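Have a look at data.txt; it's compact mmCIF, C-alpha atoms:
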# COMPACT_ATOMS: atom_id res chain seq x y z
CA ARG J 133 145.53 -64.51 -112.80
CA ASP J 134 148.92 -64.55 -111.04
CA LYS J 135 148.71 -68.38 -110.89
CA ARG J 136 149.31 -68.43 -107.15
CA VAL J 137 148.10 -71.50 -105.24
CA LEU J 138 145.71 -70.25 -102.58
CA TYR J 139 144.59 -73.53 -100.99
CA ARG J 140 145.76 -77.11 -101.15
CA VAL J 141 144.89 -80.42 -99.52
CA ILE J 142 147.26 -83.31 -100.20
CA LYS J 143 145.55 -86.35 -98.76
CA ALA J 144 143.27 -87.81 -101.44
CA ARG J 145 144.16 -91.01 -103.27
CA GLY J 146 145.36 -90.73 -106.84
CA ALA J 147 142.17 -92.32 -108.16
CA GLU J 148 139.88 -90.23 -105.95
CA HIS J 149 137.10 -88.45 -107.83
CA ASP J 150 137.64 -84.67 -107.83
CA SER J 151 134.22 -84.01 -106.31
CA THR J 152 134.76 -86.56 -103.53
CA ALA J 153 138.21 -85.18 -102.71
CA PHE J 154 136.77 -81.66 -102.53
CA LYS J 155 133.90 -82.74 -100.25
CA ASN J 156 136.40 -84.22 -97.80
CA THR J 157 138.17 -80.89 -97.22
CA LYS J 158 137.68 -78.36 -94.43
CA LEU J 159 137.13 -75.73 -97.12
CA TYR J 160 134.05 -77.54 -98.42
CA ALA J 161 132.65 -77.87 -94.91
CA TRP J 162 133.16 -74.12 -94.36
CA LEU J 163 131.49 -73.28 -97.67
CA GLU J 164 128.51 -75.46 -96.83
CA ARG J 165 128.12 -73.89 -93.38
CA ASN J 166 128.38 -70.35 -94.73
CA TRP J 167 126.45 -70.67 -98.00
CA GLU J 168 123.91 -68.00 -96.99
CA TRP J 169 126.63 -65.40 -96.33
CA LEU J 170 128.36 -66.34 -99.59
CA GLN J 171 125.10 -65.98 -101.49
CA MET J 172 124.46 -62.56 -99.94
CA LYS J 173 127.95 -61.41 -100.95
CA LYS J 174 127.61 -63.04 -104.38
CA TYR J 175 130.79 -65.07 -103.87
CA TYR J 176 131.23 -68.40 -105.59
CA PHE J 177 133.85 -70.70 -107.05
CA ILE J 178 133.83 -71.97 -110.61
CA GLY J 179 134.61 -75.61 -111.28
CA ASP J 180 134.62 -77.97 -114.23
CA SER J 181 132.10 -80.73 -114.86
CA ALA J 182 133.79 -83.05 -112.37
CA TYR J 183 132.09 -81.11 -109.57
CA ALA J 184 128.44 -80.85 -108.56
CA LEU J 185 126.54 -77.61 -108.99
CA LYS J 186 126.08 -75.68 -105.73
CA SER J 187 125.16 -72.16 -104.72
CA PHE J 188 128.86 -71.58 -103.98
CA LEU J 189 130.26 -73.66 -106.88
CA LEU J 190 129.14 -72.96 -110.43
CA THR J 191 129.72 -75.63 -113.05
CA PRO J 192 129.14 -75.73 -116.84
CA TYR J 193 125.77 -76.57 -118.33
CA ASP J 194 125.36 -80.24 -119.09
CA ASN J 195 124.68 -81.61 -122.60
CA VAL J 196 124.25 -78.27 -124.36
CA TYR J 197 124.07 -77.63 -128.09
CA HIS J 198 126.57 -75.29 -129.67
CA ASP J 199 125.54 -71.77 -130.63
CA THR J 200 123.14 -71.54 -127.71
CA ALA J 201 123.05 -69.25 -124.67
CA GLU J 202 124.17 -72.16 -122.50
CA ASP J 203 127.12 -72.87 -124.78
CA ASN J 204 128.17 -69.20 -124.62
CA TYR J 205 128.04 -69.38 -120.83
CA ASN J 206 130.19 -72.52 -120.88
CA PHE J 207 132.79 -70.74 -123.03
CA PHE J 208 133.17 -67.77 -120.68
CA HIS J 209 133.09 -70.13 -117.70
CA SER J 210 136.00 -72.10 -119.21
CA SER J 211 137.84 -68.90 -120.15
CA SER J 212 137.73 -67.79 -116.53
CA ARG J 213 138.92 -71.18 -115.33
CA ILE J 214 141.82 -71.60 -117.78
CA VAL J 215 144.26 -69.79 -115.48
CA VAL J 216 143.96 -72.69 -113.02
CA GLU J 217 144.98 -75.16 -115.72
CA CYS J 218 147.85 -72.87 -116.69
CA ALA J 219 149.03 -72.79 -113.06
CA PHE J 220 149.10 -76.58 -112.88
CA GLY J 221 150.93 -76.68 -116.20
CA GLU J 222 153.56 -74.24 -114.97
CA ILE J 223 154.09 -76.24 -111.76
CA ASP J 224 154.37 -79.52 -113.64
CA LEU J 225 156.80 -78.15 -116.24
CA ARG J 226 159.00 -76.38 -113.70
CA TRP J 227 159.65 -79.27 -111.30
CA GLY J 228 161.17 -82.30 -113.01
CA ILE J 229 160.43 -84.51 -110.01
CA LEU J 230 156.77 -84.41 -111.09
CA TRP J 231 157.55 -85.74 -114.56
CA ARG J 232 157.48 -89.32 -113.35
CA PRO J 233 155.55 -91.24 -110.65
CA LEU J 234 156.69 -90.48 -107.10
CA LYS J 235 158.08 -93.69 -105.58
CA PHE J 236 158.79 -92.52 -102.05
CA SER J 237 156.78 -93.19 -98.92
CA LEU J 238 153.32 -91.64 -98.72
CA ALA J 239 154.48 -89.07 -96.17
CA HIS J 240 157.49 -88.16 -98.32
CA ASN J 241 155.32 -87.88 -101.44
CA ILE J 242 153.05 -85.42 -99.62
CA ASN J 243 156.05 -83.33 -98.59
CA VAL J 244 157.39 -83.31 -102.16
CA VAL J 245 154.10 -82.05 -103.62
CA ASP J 246 153.72 -79.48 -100.85
CA ALA J 247 157.28 -78.22 -101.40
CA CYS J 248 156.65 -77.84 -105.15
CA LEU J 249 153.52 -75.76 -104.49
CA ARG J 250 155.21 -73.56 -101.89
CA LEU J 251 158.24 -72.93 -104.10
CA HIS J 252 155.92 -72.11 -106.99
CA ASN J 253 154.20 -69.48 -104.83
CA PHE J 254 157.58 -68.09 -103.79
CA ILE J 255 158.54 -67.65 -107.44
CA VAL J 256 155.19 -66.02 -108.24
CA ASP J 257 155.57 -63.56 -105.35
CA TYR J 258 159.16 -62.75 -106.32
CA ARG J 259 158.16 -62.27 -109.94
CA LEU J 260 155.41 -59.84 -108.99
CA GLU J 261 157.52 -57.91 -106.48
CA HIS J 262 160.84 -57.57 -108.30
CA ARG J 263 160.12 -57.81 -111.97
CA LYS J 264 158.60 -55.05 -114.03
CA SER J 265 157.14 -56.33 -117.24
CA THR J 266 158.21 -54.68 -120.46
CA ALA J 267 155.70 -53.76 -123.14
CA MET J 268 156.79 -56.80 -125.16
CA GLU J 269 156.31 -59.15 -122.21
CA GLU J 270 152.84 -57.76 -121.60
CA LEU J 271 152.05 -58.26 -125.27
CA GLU J 272 153.28 -61.87 -125.15
CA LYS J 273 151.19 -62.50 -122.04
CA SER J 274 148.07 -61.08 -123.66
CA LEU J 275 148.70 -63.18 -126.78
CA PHE J 276 149.07 -66.30 -124.61
CA ASP J 277 145.80 -65.56 -122.82
CA ASP J 278 144.11 -64.95 -126.15
CA GLU J 279 145.39 -68.23 -127.56
CA CYS J 280 144.06 -70.07 -124.50
CA ARG J 281 140.63 -68.59 -125.12
CA ARG J 282 140.78 -69.30 -128.85
CA PHE J 283 141.77 -72.89 -128.12
CA LEU J 284 138.70 -73.24 -125.93
CA ALA J 285 136.59 -71.66 -128.64
CA SER J 286 137.85 -74.23 -131.15
CA GLU J 287 136.66 -77.20 -129.10
CA THR J 288 133.39 -77.51 -130.95
CA ASN J 289 133.96 -80.80 -132.73
CA VAL J 290 133.06 -83.14 -129.88
CA GLY J 291 129.70 -84.07 -131.42
CA SER J 292 126.31 -82.45 -131.16
CA PHE J 293 126.65 -81.84 -127.46
CA GLY J 294 129.09 -79.89 -125.35
CA VAL J 295 130.16 -80.53 -121.77
CA VAL J 296 128.88 -83.61 -119.96
CA GLY J 297 128.53 -83.75 -116.21
CA GLY J 298 128.53 -81.25 -113.39
CA GLU J 299 124.83 -81.14 -112.53
CA GLN J 300 124.54 -83.54 -109.61
CA GLU J 301 126.69 -85.03 -106.90
CA VAL J 302 128.43 -88.33 -107.57
CA ARG J 303 127.32 -90.60 -104.74
CA ARG J 304 129.25 -93.71 -103.77
CA ASP J 305 128.60 -96.76 -101.63
CA ALA J 306 130.72 -97.99 -98.72
CA ASP J 307 133.17 -99.62 -101.15
CA GLY J 308 133.68 -96.38 -103.10
CA ASN J 309 131.68 -97.53 -106.14
CA ILE J 310 129.27 -95.14 -107.85
CA SER J 311 125.81 -95.69 -106.39
CA ARG J 312 122.41 -94.63 -107.73
CA GLY J 313 120.66 -95.55 -104.50
CA GLY J 314 119.76 -93.34 -101.59
CA ARG J 315 118.27 -89.88 -101.56
CA PRO J 316 120.34 -86.69 -101.59
CA ARG J 317 120.21 -84.50 -98.52
CA GLU J 318 117.69 -81.68 -98.53
CA LEU J 319 120.58 -79.24 -98.20
CA ASP J 320 122.24 -80.65 -101.34
CA VAL J 321 119.01 -80.25 -103.32
CA HIS J 322 118.49 -76.71 -101.98
CA LEU J 323 122.04 -75.60 -102.79
CA ARG J 324 121.82 -77.12 -106.27
CA ASN J 325 118.58 -75.26 -106.99
CA ILE J 326 120.13 -71.97 -105.86
CA GLY J 327 123.18 -72.71 -108.02
CA LYS J 328 120.92 -73.29 -111.04
CA ASP J 329 119.24 -69.92 -110.47
CA VAL J 330 122.58 -68.08 -110.16
CA ARG J 331 123.93 -69.79 -113.26
CA ASP J 332 120.80 -69.00 -115.27
CA ARG J 333 121.01 -65.33 -114.30
CA LEU J 334 124.65 -65.19 -115.41
CA ARG J 335 123.69 -66.90 -118.67
CA ASP J 336 120.97 -64.31 -119.26
CA LYS J 337 123.37 -61.47 -118.46
CA ILE J 338 125.87 -62.78 -121.01
CA LEU J 339 123.06 -63.02 -123.56
CA SER J 340 121.78 -59.49 -122.83
CA GLU J 341 125.30 -58.11 -123.36
CA ARG J 342 125.47 -59.92 -126.72
CA ARG J 343 128.56 -61.88 -125.75
CA GLU J 344 129.14 -65.19 -127.49
CA ARG J 345 131.71 -67.86 -128.18
CA PRO J 346 134.13 -66.68 -130.92
CA ARG J 347 133.40 -68.38 -134.21
CA THR J 348 137.04 -68.44 -135.38
CA ASN J 349 138.93 -71.70 -135.73
CA TRP J 350 142.00 -71.50 -133.47
CA PHE J 351 143.87 -74.32 -135.23
CA ARG J 352 143.31 -73.00 -138.75
CA GLU J 353 144.33 -69.44 -137.79
CA ASN J 354 147.53 -70.66 -136.14
CA ASN J 355 148.46 -73.37 -138.65
CA ARG J 356 148.14 -76.05 -135.98
CA PHE J 357 146.99 -79.61 -136.57
CA MET J 358 145.37 -82.12 -134.24

Structure encoded using structure tokens:
Amino acid sequence: RDKRVLYRVIKARGAEHDSTAFKNTKLYAWLERNWEWLQMKKYYFIGDSAYALKSFLLTPYDNVYHDTAEDNYNFFHSSSRIVVECAFGEIDLRWGILWRPLKFSLAHNINVVDACLRLHNFIVDYRLEHRKSTAMEELEKSLFDDECRRFLASETNVGSFGVVGGEQEVRRDADGNISRGGRPRELDVHLRNIGKDVRDRLRDKILSERRERPRTNWFRENNRFM
């Protein structure tokens, strides 16, 4: 929730699919090697529908109807993930060099992005160490977090279905094009099945605690218009 960047890899192409870029990192390789330990400790990441469901990476339910247990899970999943989007927003708004395409050499572009992330972390650490929040600042922060969640709750007008994607790995051929051919590895199938079981248990826990997506309209309450 402090919006600190904990891990970064700056080597994927701009058009690289998020899931493919993640699979090409050392972090992904470590997660795949240590999935049993992670499962025992009940550790996992949460990712949006661009990623494939794994035992160590929980994604939203695909093609769910609103006002269902799966839709409620997707809401709390998104609410937990919103801080990541806020961190990217803060980085982008703070550093003007990111407001336009980087036109330096590839190596220089990598250094620019890395410097922006490191300076962002420096500011976060300084803010936490030297600044004591007043009651008003804490109130404003809580209102901001609440508005983020209400905004997510208002996104119910995308048709009969909710989130699309996130169930299976996007496979590509040698040219980088999406491919339907070939069979997934046994490990991929096994990790996806474990991920489904973990996600279903979390869905059932949310249901048993009678938690659900707020039914308020964020835009109407805040006099905002699309």

Inset, instruction - Rank J:Arg226, J:Arg333, J:Arg324, J:Arg145 by their smallest atom-to-atom distance to Leu251 of chain J, using only C-alpha atoms, and report the top residue only. - result: J:Arg226

Inset, instruction - Considering all atoms listed in the file, state which residue in the set J:Leu234, J:Phe177, J:Ile142, J:Pro192 is at the smallest distance from Leu163 of chain J. - result: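 Using all atoms listed in the file, Leu163 of chain J sits closest to J:Phe177.
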
Legend entry - Selected residue of minimal separation from Val321 of chain J among J:Ala161, J:Val141, J:Ala184, J:Cys218, counting only C-alpha atoms: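 Of J:Ala161, J:Val141, J:Ala184, J:Cys218, the one nearest Val321 of chain J, counting only C-alpha atoms, is J:Ala184.
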
Inset, instruction - Give the answer as one residue: which of J:His262, J:Leu138, J:Ser340, J:Asn195 has the shortest atom-to-atom distance to Leu159 of chain J, using all atoms listed in the file? - result: J:Leu138

Inset, instruction - Mind giving me the straight-line distance from atom CA of Gly179 of chain J to atom CA of Arg315 of chain J in Å, one decimal? - result: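 Atom CA of Gly179 of chain J sits 23.8 Å away from atom CA of Arg315 of chain J.
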
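Considering the residues J:Arg259, J:Lys174, J:Arg165, J:Arg213 and counting only C-alpha atoms, Arg133 of chain J has its shortest atom-to-atom contact with J:Arg213.
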
Legend entry - Distance in Å - atom CA of Lys173 of chain J versus atom CA of Val330 of chain J: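 These two atoms are separated by 12.6 Å.
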
Inset, instruction - Excluding Pro233 of chain J and any residue of its chain fewer than 5 positions from it, enumerate the residues within 12 Å of it, using all atoms listed in the file, and give them as JSON, numbers by chain. - result: {"J": [146, 228, 241, 244, 245]}

Inset, instruction - To one decimal in Å, tell me the separation between atom CA of Trp167 of chain J and atom CA of Ala147 of chain J. - result: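 Atom-to-atom, atom CA of Trp167 of chain J to atom CA of Ala147 of chain J, that is 28.6 Å.
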
Inset, instruction - Pick out the residues sitting within 12 Å of Arg250 of chain J, and hand them over as a list in words; count all atoms listed in the file, and ignore anything fewer than 4 positions along from it in its own chain. - result: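 Skipping anything fewer than 4 positions along the chain leaves Arg136, Val137, Leu138, Tyr139, Arg140, Ile223, Trp227, Asn243, Val244, Val245, Asp246, Phe254, Ile255, Val256 and Asp257 of chain J.
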